[in-house]
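One structure is given here, and the rest of the page talks about it.
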Amino acid sequence: MTTTATPPPVVAPGPVPTSSGGRLGSRLKRSQRLAGYLFVLPTLLLFLAFVGWPIVQTIYLSLSRWSGFGTKTFIGVDNYTRMAGDPVAHRALLVTLVFTAATTILQTVVGMVVAVLVNMVWRKVGIVVRTILFIPGIVSFVVTGVLWKLIYDPNVGTLNQILGSIGLESLQHTWLADRATVLPALIAVAVWGGVGMNMLIFFAGIQGIDPGLYEAAEVDGAGPFQRFFNITVPQLRVVTGIVVSLGLLNGFKVFDIIYVMTAGGPNHASEVFGTYLYNLAFGSTSGALPQLGYASAFSVVVMVLCILAVVVQMAITRRGER
C-alpha cells in the first residue's frame, strides 16, 4: 500500500497594508514633533526675550549715537569707522588677543599635563591634588583680583617680600605699574585661576581612554612621553577642543579680573575690550558723557569673536569624531 505525501497547508496571505496605516504613522510623527516643539517653546520664548532681543537692540545701538539721554541718532557704521581709527581701541584689541592666546595655550597645556600626572604619577594623592588645584577655580575673579593685587603690591606685597627675604632684592618690582610687566602679571593670575577647571575636564576625558592602548604601547617599548604624545593627546582631541573654546570665550570677554587689578592701566597697557567699553558706556573716561552707541560697537565685536571661538570648537570636535 502506497502512501502519498500530504501537501503542506496553504497559508492565506495576510491583509495588505493600506495607505491608512501610513497616514496614521505620519499623523503620529506630526503629533510627536508638535509635542516636542511645545516643550521647547517656553525655553525658546525666554531665549528670544532675554537674549535674542537684547542682541538685536545692541546691534541697533551700535549703529546709533546715544549718551543714554534723549533720542538715539542713527549714524550707520560710523561707530565702527571710528573704532578703526581709535588708537586706544587698537591697543585694546591687541591686548585682548595676546591675553586670550596666552591664557588659552597655558591653561590648556598645563591643565592637560597636570591631569596626566594626577592620573598616573600622583594617583595615591590624586583627590588631594585635584581639590587643591580646583579651589582657585571656584573663587570669584573679583576676589582673586583683590588678593593678587595685594600680592603684587610693591610695598607690602607678598611677592616682593619673598624676593627680598631670599636675597633677590634686584627682582623686586612694581608689577602692576610697569607697562612691561603688567600684562604678564595678569596672565599669570588668570592661568592660576583657570588651570584647576581644565585639569578636571582633562582628567574626566582620560578616564574614557581604553587602558589597553597604554598596555599595548608599553609592551611595544613605548616610553611615558611616547604614550603621552601618541595616545593621550590624540584621544583627548575632542576634550581639547572644548577646553580651547572655553579659553577663547573667557579671554575675549575678560573684564572683572583686569578691571579690579588695573582698570586697564597703566596708560592703557592692560586695556581690553571689556574695560574700554565699560569706561565708554558709563562715562568713566576723563569724566566724559556716556557713549553707549560707541560702546555697543565694541560689544558686537566681542560677540563676533566669541562666535568665532564656538566655530573653532565645533570644527575641532567634528575632526575628532572622524
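By convention here, the chains of the C-alpha cells are called A, B, ... in the order presented, each chain's residues are numbered starting at 1, and ligands are numbered starting at 1 in the order presented.
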
*Sel. of helix (DSSP H, G or I) residues, segment 45-207 of chain A, as number ranges by chain*: A: 45-62, 78-84, 87-121, 123-138, 141-151, 158-165, 169-171, 182-207

Can you tell me which residues surround Tyr276 of chain A at a distance of at most 12 Å, considering only C-alpha atoms, apart from same-chain residues fewer than 4 positions away, and format the answer as a PDB file with N, CA, C and O atoms, in the first residue's frame?
```pdb
ATOM      1  N   MET A  83      36.051 103.279  15.437  1.00  0.00           N
ATOM      2  CA  MET A  83      36.839 102.253  16.115  1.00  0.00           C
ATOM      3  C   MET A  83      38.096 101.917  15.323  1.00  0.00           C
ATOM      4  O   MET A  83      39.174 101.697  15.895  1.00  0.00           O
ATOM      5  N   ASP A  86      40.687 104.510  16.145  1.00  0.00           N
ATOM      6  CA  ASP A  86      40.889 104.816  17.561  1.00  0.00           C
ATOM      7  C   ASP A  86      42.142 104.085  18.058  1.00  0.00           C
ATOM      8  O   ASP A  86      42.164 102.850  18.109  1.00  0.00           O
ATOM      9  N   PRO A  87      43.205 104.813  18.445  1.00  0.00           N
ATOM     10  CA  PRO A  87      44.427 104.125  18.899  1.00  0.00           C
ATOM     11  C   PRO A  87      44.218 103.318  20.176  1.00  0.00           C
ATOM     12  O   PRO A  87      44.854 102.280  20.361  1.00  0.00           O
ATOM     13  N   VAL A  88      43.336 103.791  21.060  1.00  0.00           N
ATOM     14  CA  VAL A  88      43.063 103.021  22.278  1.00  0.00           C
ATOM     15  C   VAL A  88      42.344 101.717  21.929  1.00  0.00           C
ATOM     16  O   VAL A  88      42.605 100.667  22.527  1.00  0.00           O
ATOM     17  N   ALA A  89      41.445 101.769  20.944  1.00  0.00           N
ATOM     18  CA  ALA A  89      40.770 100.546  20.500  1.00  0.00           C
ATOM     19  C   ALA A  89      41.770  99.571  19.893  1.00  0.00           C
ATOM     20  O   ALA A  89      41.669  98.357  20.110  1.00  0.00           O
ATOM     21  N   HIS A  90      42.738 100.079  19.146  1.00  0.00           N
ATOM     22  CA  HIS A  90      43.774  99.204  18.584  1.00  0.00           C
ATOM     23  C   HIS A  90      44.559  98.532  19.710  1.00  0.00           C
ATOM     24  O   HIS A  90      44.844  97.330  19.650  1.00  0.00           O
ATOM     25  N   ARG A  91      44.901  99.323  20.721  1.00  0.00           N
ATOM     26  CA  ARG A  91      45.642  98.763  21.853  1.00  0.00           C
ATOM     27  C   ARG A  91      44.794  97.734  22.592  1.00  0.00           C
ATOM     28  O   ARG A  91      45.291  96.667  22.975  1.00  0.00           O
ATOM     29  N   ALA A  92      43.503  98.031  22.773  1.00  0.00           N
ATOM     30  CA  ALA A  92      42.618  97.095  23.476  1.00  0.00           C
ATOM     31  C   ALA A  92      42.476  95.791  22.697  1.00  0.00           C
ATOM     32  O   ALA A  92      42.455  94.700  23.290  1.00  0.00           O
ATOM     33  N   LEU A  93      42.388  95.886  21.364  1.00  0.00           N
ATOM     34  CA  LEU A  93      42.290  94.674  20.554  1.00  0.00           C
ATOM     35  C   LEU A  93      43.559  93.842  20.668  1.00  0.00           C
ATOM     36  O   LEU A  93      43.504  92.611  20.835  1.00  0.00           O
ATOM     37  N   VAL A  95      45.803  93.815  23.130  1.00  0.00           N
ATOM     38  CA  VAL A  95      45.914  93.240  24.476  1.00  0.00           C
ATOM     39  C   VAL A  95      44.923  92.087  24.640  1.00  0.00           C
ATOM     40  O   VAL A  95      45.253  91.044  25.227  1.00  0.00           O
ATOM     41  N   THR A  96      43.717  92.256  24.108  1.00  0.00           N
ATOM     42  CA  THR A  96      42.716  91.191  24.209  1.00  0.00           C
ATOM     43  C   THR A  96      43.188  89.926  23.503  1.00  0.00           C
ATOM     44  O   THR A  96      43.063  88.815  24.041  1.00  0.00           O
ATOM     45  N   LYS A 253      36.004  87.872  26.420  1.00  0.00           N
ATOM     46  CA  LYS A 253      35.075  88.666  27.230  1.00  0.00           C
ATOM     47  C   LYS A 253      35.615  88.986  28.620  1.00  0.00           C
ATOM     48  O   LYS A 253      34.853  89.347  29.508  1.00  0.00           O
ATOM     49  N   VAL A 254      36.929  88.882  28.815  1.00  0.00           N
ATOM     50  CA  VAL A 254      37.504  89.144  30.126  1.00  0.00           C
ATOM     51  C   VAL A 254      37.249  90.592  30.530  1.00  0.00           C
ATOM     52  O   VAL A 254      37.327  91.518  29.716  1.00  0.00           O
ATOM     53  N   PHE A 255      36.923  90.787  31.789  1.00  0.00           N
ATOM     54  CA  PHE A 255      36.670  92.135  32.302  1.00  0.00           C
ATOM     55  C   PHE A 255      37.010  92.249  33.778  1.00  0.00           C
ATOM     56  O   PHE A 255      37.818  93.080  34.181  1.00  0.00           O
ATOM     57  N   ILE A 258      40.738  92.107  35.290  1.00  0.00           N
ATOM     58  CA  ILE A 258      41.578  93.227  34.845  1.00  0.00           C
ATOM     59  C   ILE A 258      41.068  94.540  35.425  1.00  0.00           C
ATOM     60  O   ILE A 258      41.853  95.393  35.857  1.00  0.00           O
ATOM     61  N   TYR A 259      39.756  94.720  35.466  1.00  0.00           N
ATOM     62  CA  TYR A 259      39.213  95.969  35.996  1.00  0.00           C
ATOM     63  C   TYR A 259      39.531  96.111  37.475  1.00  0.00           C
ATOM     64  O   TYR A 259      39.837  97.211  37.950  1.00  0.00           O
ATOM     65  N   ALA A 263      42.272  98.261  36.094  1.00  0.00           N
ATOM     66  CA  ALA A 263      41.306  99.126  35.399  1.00  0.00           C
ATOM     67  C   ALA A 263      41.812  99.516  34.005  1.00  0.00           C
ATOM     68  O   ALA A 263      41.460 100.567  33.476  1.00  0.00           O
ATOM     69  N   GLY A 264      42.661  98.689  33.418  1.00  0.00           N
ATOM     70  CA  GLY A 264      43.171  98.952  32.086  1.00  0.00           C
ATOM     71  C   GLY A 264      44.489  99.691  32.049  1.00  0.00           C
ATOM     72  O   GLY A 264      45.067  99.878  30.977  1.00  0.00           O
ATOM     73  N   GLY A 265      45.010 100.120  33.182  1.00  0.00           N
ATOM     74  CA  GLY A 265      46.261 100.870  33.218  1.00  0.00           C
ATOM     75  C   GLY A 265      47.465  99.935  33.330  1.00  0.00           C
ATOM     76  O   GLY A 265      47.332  98.707  33.330  1.00  0.00           O
ATOM     77  N   HIS A 268      46.702 102.505  29.528  1.00  0.00           N
ATOM     78  CA  HIS A 268      46.062 101.558  28.610  1.00  0.00           C
ATOM     79  C   HIS A 268      46.935 100.344  28.296  1.00  0.00           C
ATOM     80  O   HIS A 268      46.668  99.624  27.325  1.00  0.00           O
ATOM     81  N   ALA A 269      47.953 100.073  29.113  1.00  0.00           N
ATOM     82  CA  ALA A 269      48.830  98.930  28.832  1.00  0.00           C
ATOM     83  C   ALA A 269      48.112  97.603  29.016  1.00  0.00           C
ATOM     84  O   ALA A 269      48.501  96.604  28.401  1.00  0.00           O
ATOM     85  N   SER A 270      47.093  97.562  29.871  1.00  0.00           N
ATOM     86  CA  SER A 270      46.324  96.329  30.083  1.00  0.00           C
ATOM     87  C   SER A 270      44.864  96.509  29.684  1.00  0.00           C
ATOM     88  O   SER A 270      43.996  95.776  30.155  1.00  0.00           O
ATOM     89  N   GLU A 271      44.605  97.481  28.825  1.00  0.00           N
ATOM     90  CA  GLU A 271      43.234  97.746  28.375  1.00  0.00           C
ATOM     91  C   GLU A 271      42.763  96.643  27.446  1.00  0.00           C
ATOM     92  O   GLU A 271      43.437  96.289  26.480  1.00  0.00           O
ATOM     93  N   VAL A 272      41.601  96.088  27.742  1.00  0.00           N
ATOM     94  CA  VAL A 272      40.964  95.099  26.872  1.00  0.00           C
ATOM     95  C   VAL A 272      39.614  95.655  26.435  1.00  0.00           C
ATOM     96  O   VAL A 272      39.162  96.699  26.910  1.00  0.00           O
ATOM     97  N   LEU A 280      33.653 103.586  28.314  1.00  0.00           N
ATOM     98  CA  LEU A 280      32.891 104.367  27.350  1.00  0.00           C
ATOM     99  C   LEU A 280      31.413 104.406  27.702  1.00  0.00           C
ATOM    100  O   LEU A 280      30.775 105.462  27.624  1.00  0.00           O
ATOM    101  N   ALA A 281      30.864 103.257  28.094  1.00  0.00           N
ATOM    102  CA  ALA A 281      29.425 103.175  28.347  1.00  0.00           C
ATOM    103  C   ALA A 281      29.001 103.960  29.573  1.00  0.00           C
ATOM    104  O   ALA A 281      27.908 104.536  29.609  1.00  0.00           O
ATOM    105  N   PHE A 282      29.867 104.023  30.585  1.00  0.00           N
ATOM    106  CA  PHE A 282      29.485 104.685  31.837  1.00  0.00           C
ATOM    107  C   PHE A 282      30.229 106.002  32.053  1.00  0.00           C
ATOM    108  O   PHE A 282      30.242 106.529  33.158  1.00  0.00           O
ATOM    109  N   GLY A 283      30.859 106.503  31.004  1.00  0.00           N
ATOM    110  CA  GLY A 283      31.456 107.815  31.088  1.00  0.00           C
ATOM    111  C   GLY A 283      32.598 107.929  32.056  1.00  0.00           C
ATOM    112  O   GLY A 283      32.829 108.992  32.638  1.00  0.00           O
ATOM    113  N   SER A 284      33.344 106.834  32.257  1.00  0.00           N
ATOM    114  CA  SER A 284      34.448 106.856  33.214  1.00  0.00           C
ATOM    115  C   SER A 284      35.726 107.417  32.618  1.00  0.00           C
ATOM    116  O   SER A 284      36.710 107.585  33.323  1.00  0.00           O
ATOM    117  N   THR A 285      35.736 107.695  31.313  1.00  0.00           N
ATOM    118  CA  THR A 285      36.938 108.205  30.670  1.00  0.00           C
ATOM    119  C   THR A 285      36.990 109.721  30.792  1.00  0.00           C
ATOM    120  O   THR A 285      36.265 110.440  30.105  1.00  0.00           O
ATOM    121  N   GLN A 291      28.971 107.054  26.233  1.00  0.00           N
ATOM    122  CA  GLN A 291      28.892 106.839  24.786  1.00  0.00           C
ATOM    123  C   GLN A 291      28.390 105.423  24.547  1.00  0.00           C
ATOM    124  O   GLN A 291      29.145 104.530  24.170  1.00  0.00           O
ATOM    125  N   LEU A 292      27.095 105.224  24.799  1.00  0.00           N
ATOM    126  CA  LEU A 292      26.531 103.878  24.741  1.00  0.00           C
ATOM    127  C   LEU A 292      26.547 103.310  23.328  1.00  0.00           C
ATOM    128  O   LEU A 292      26.696 102.099  23.147  1.00  0.00           O
ATOM    129  N   TYR A 294      28.832 103.923  20.892  1.00  0.00           N
ATOM    130  CA  TYR A 294      30.200 103.501  20.582  1.00  0.00           C
ATOM    131  C   TYR A 294      30.582 102.267  21.389  1.00  0.00           C
ATOM    132  O   TYR A 294      31.227 101.338  20.871  1.00  0.00           O
ATOM    133  N   ALA A 295      30.180 102.229  22.661  1.00  0.00           N
ATOM    134  CA  ALA A 295      30.473 101.065  23.497  1.00  0.00           C
ATOM    135  C   ALA A 295      29.763  99.824  22.970  1.00  0.00           C
ATOM    136  O   ALA A 295      30.303  98.713  23.028  1.00  0.00           O
ATOM    137  N   SER A 296      28.562  99.979  22.442  1.00  0.00           N
ATOM    138  CA  SER A 296      27.832  98.831  21.892  1.00  0.00           C
ATOM    139  C   SER A 296      28.546  98.246  20.683  1.00  0.00           C
ATOM    140  O   SER A 296      28.471  97.029  20.438  1.00  0.00           O
ATOM    141  N   ALA A 297      29.246  99.091  19.922  1.00  0.00           N
ATOM    142  CA  ALA A 297      30.018  98.581  18.793  1.00  0.00           C
ATOM    143  C   ALA A 297      31.110  97.625  19.281  1.00  0.00           C
ATOM    144  O   ALA A 297      31.363  96.582  18.651  1.00  0.00           O
ATOM    145  N   PHE A 298      31.738  97.939  20.409  1.00  0.00           N
ATOM    146  CA  PHE A 298      32.735  97.036  20.978  1.00  0.00           C
ATOM    147  C   PHE A 298      32.068  95.736  21.443  1.00  0.00           C
ATOM    148  O   PHE A 298      32.648  94.657  21.301  1.00  0.00           O
ATOM    149  N   SER A 299      30.859  95.847  21.987  1.00  0.00           N
ATOM    150  CA  SER A 299      30.150  94.639  22.413  1.00  0.00           C
ATOM    151  C   SER A 299      29.861  93.724  21.236  1.00  0.00           C
ATOM    152  O   SER A 299      29.977  92.497  21.343  1.00  0.00           O
ATOM    153  N   VAL A 302      33.052  91.911  20.315  1.00  0.00           N
ATOM    154  CA  VAL A 302      33.303  90.827  21.273  1.00  0.00           C
ATOM    155  C   VAL A 302      32.390  89.640  20.974  1.00  0.00           C
ATOM    156  O   VAL A 302      32.817  88.474  21.019  1.00  0.00           O
TER     157      VAL A 302
END
```

*asked:* Show me, as a PyMOL selection string, the residues that have an atom within 12 Å of Leu159 of chain A when counting only C-alpha atoms, minus same-chain residues fewer than 4 positions from it.
replied: chain A and resi 147-155+163-166+168-169+171-175+185

*Between atom CA of Gly145 of chain A and atom CA of Ile257 of chain A, what is the spacing in Å?*
5.1 Å

*What lies within 9 Å of Val195 of chain A using only C-alpha atoms, ignoring chain neighbours under 4 positions off, as a PyMOL selection string?*
chain A and resi 106-108+110-112+114+133-134+136-137+190-191+199-200

Store the residues picked out above in a file with C-alpha atoms, as a PDB file, in the first residue's frame.
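Output (again-v8.pdb):
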```pdb
ATOM      1  CA  LEU A 106      48.894  77.933  29.035  1.00  0.00           C
ATOM      2  CA  GLN A 107      45.668  76.772  30.669  1.00  0.00           C
ATOM      3  CA  THR A 108      45.232  74.018  28.076  1.00  0.00           C
ATOM      4  CA  VAL A 110      49.269  72.953  31.943  1.00  0.00           C
ATOM      5  CA  GLY A 111      45.794  71.541  32.606  1.00  0.00           C
ATOM      6  CA  MET A 112      46.439  68.501  30.396  1.00  0.00           C
ATOM      7  CA  VAL A 114      48.635  68.107  35.446  1.00  0.00           C
ATOM      8  CA  LEU A 133      44.084  72.804  42.238  1.00  0.00           C
ATOM      9  CA  PHE A 134      40.326  73.254  41.867  1.00  0.00           C
ATOM     10  CA  PRO A 136      41.132  78.765  42.743  1.00  0.00           C
ATOM     11  CA  GLY A 137      38.532  77.955  40.090  1.00  0.00           C
ATOM     12  CA  ALA A 190      44.261  84.167  35.004  1.00  0.00           C
ATOM     13  CA  VAL A 191      46.182  80.924  34.435  1.00  0.00           C
ATOM     14  CA  MET A 199      42.580  69.840  34.804  1.00  0.00           C
ATOM     15  CA  LEU A 200      39.265  68.292  35.914  1.00  0.00           C
TER      16      LEU A 200
END
```
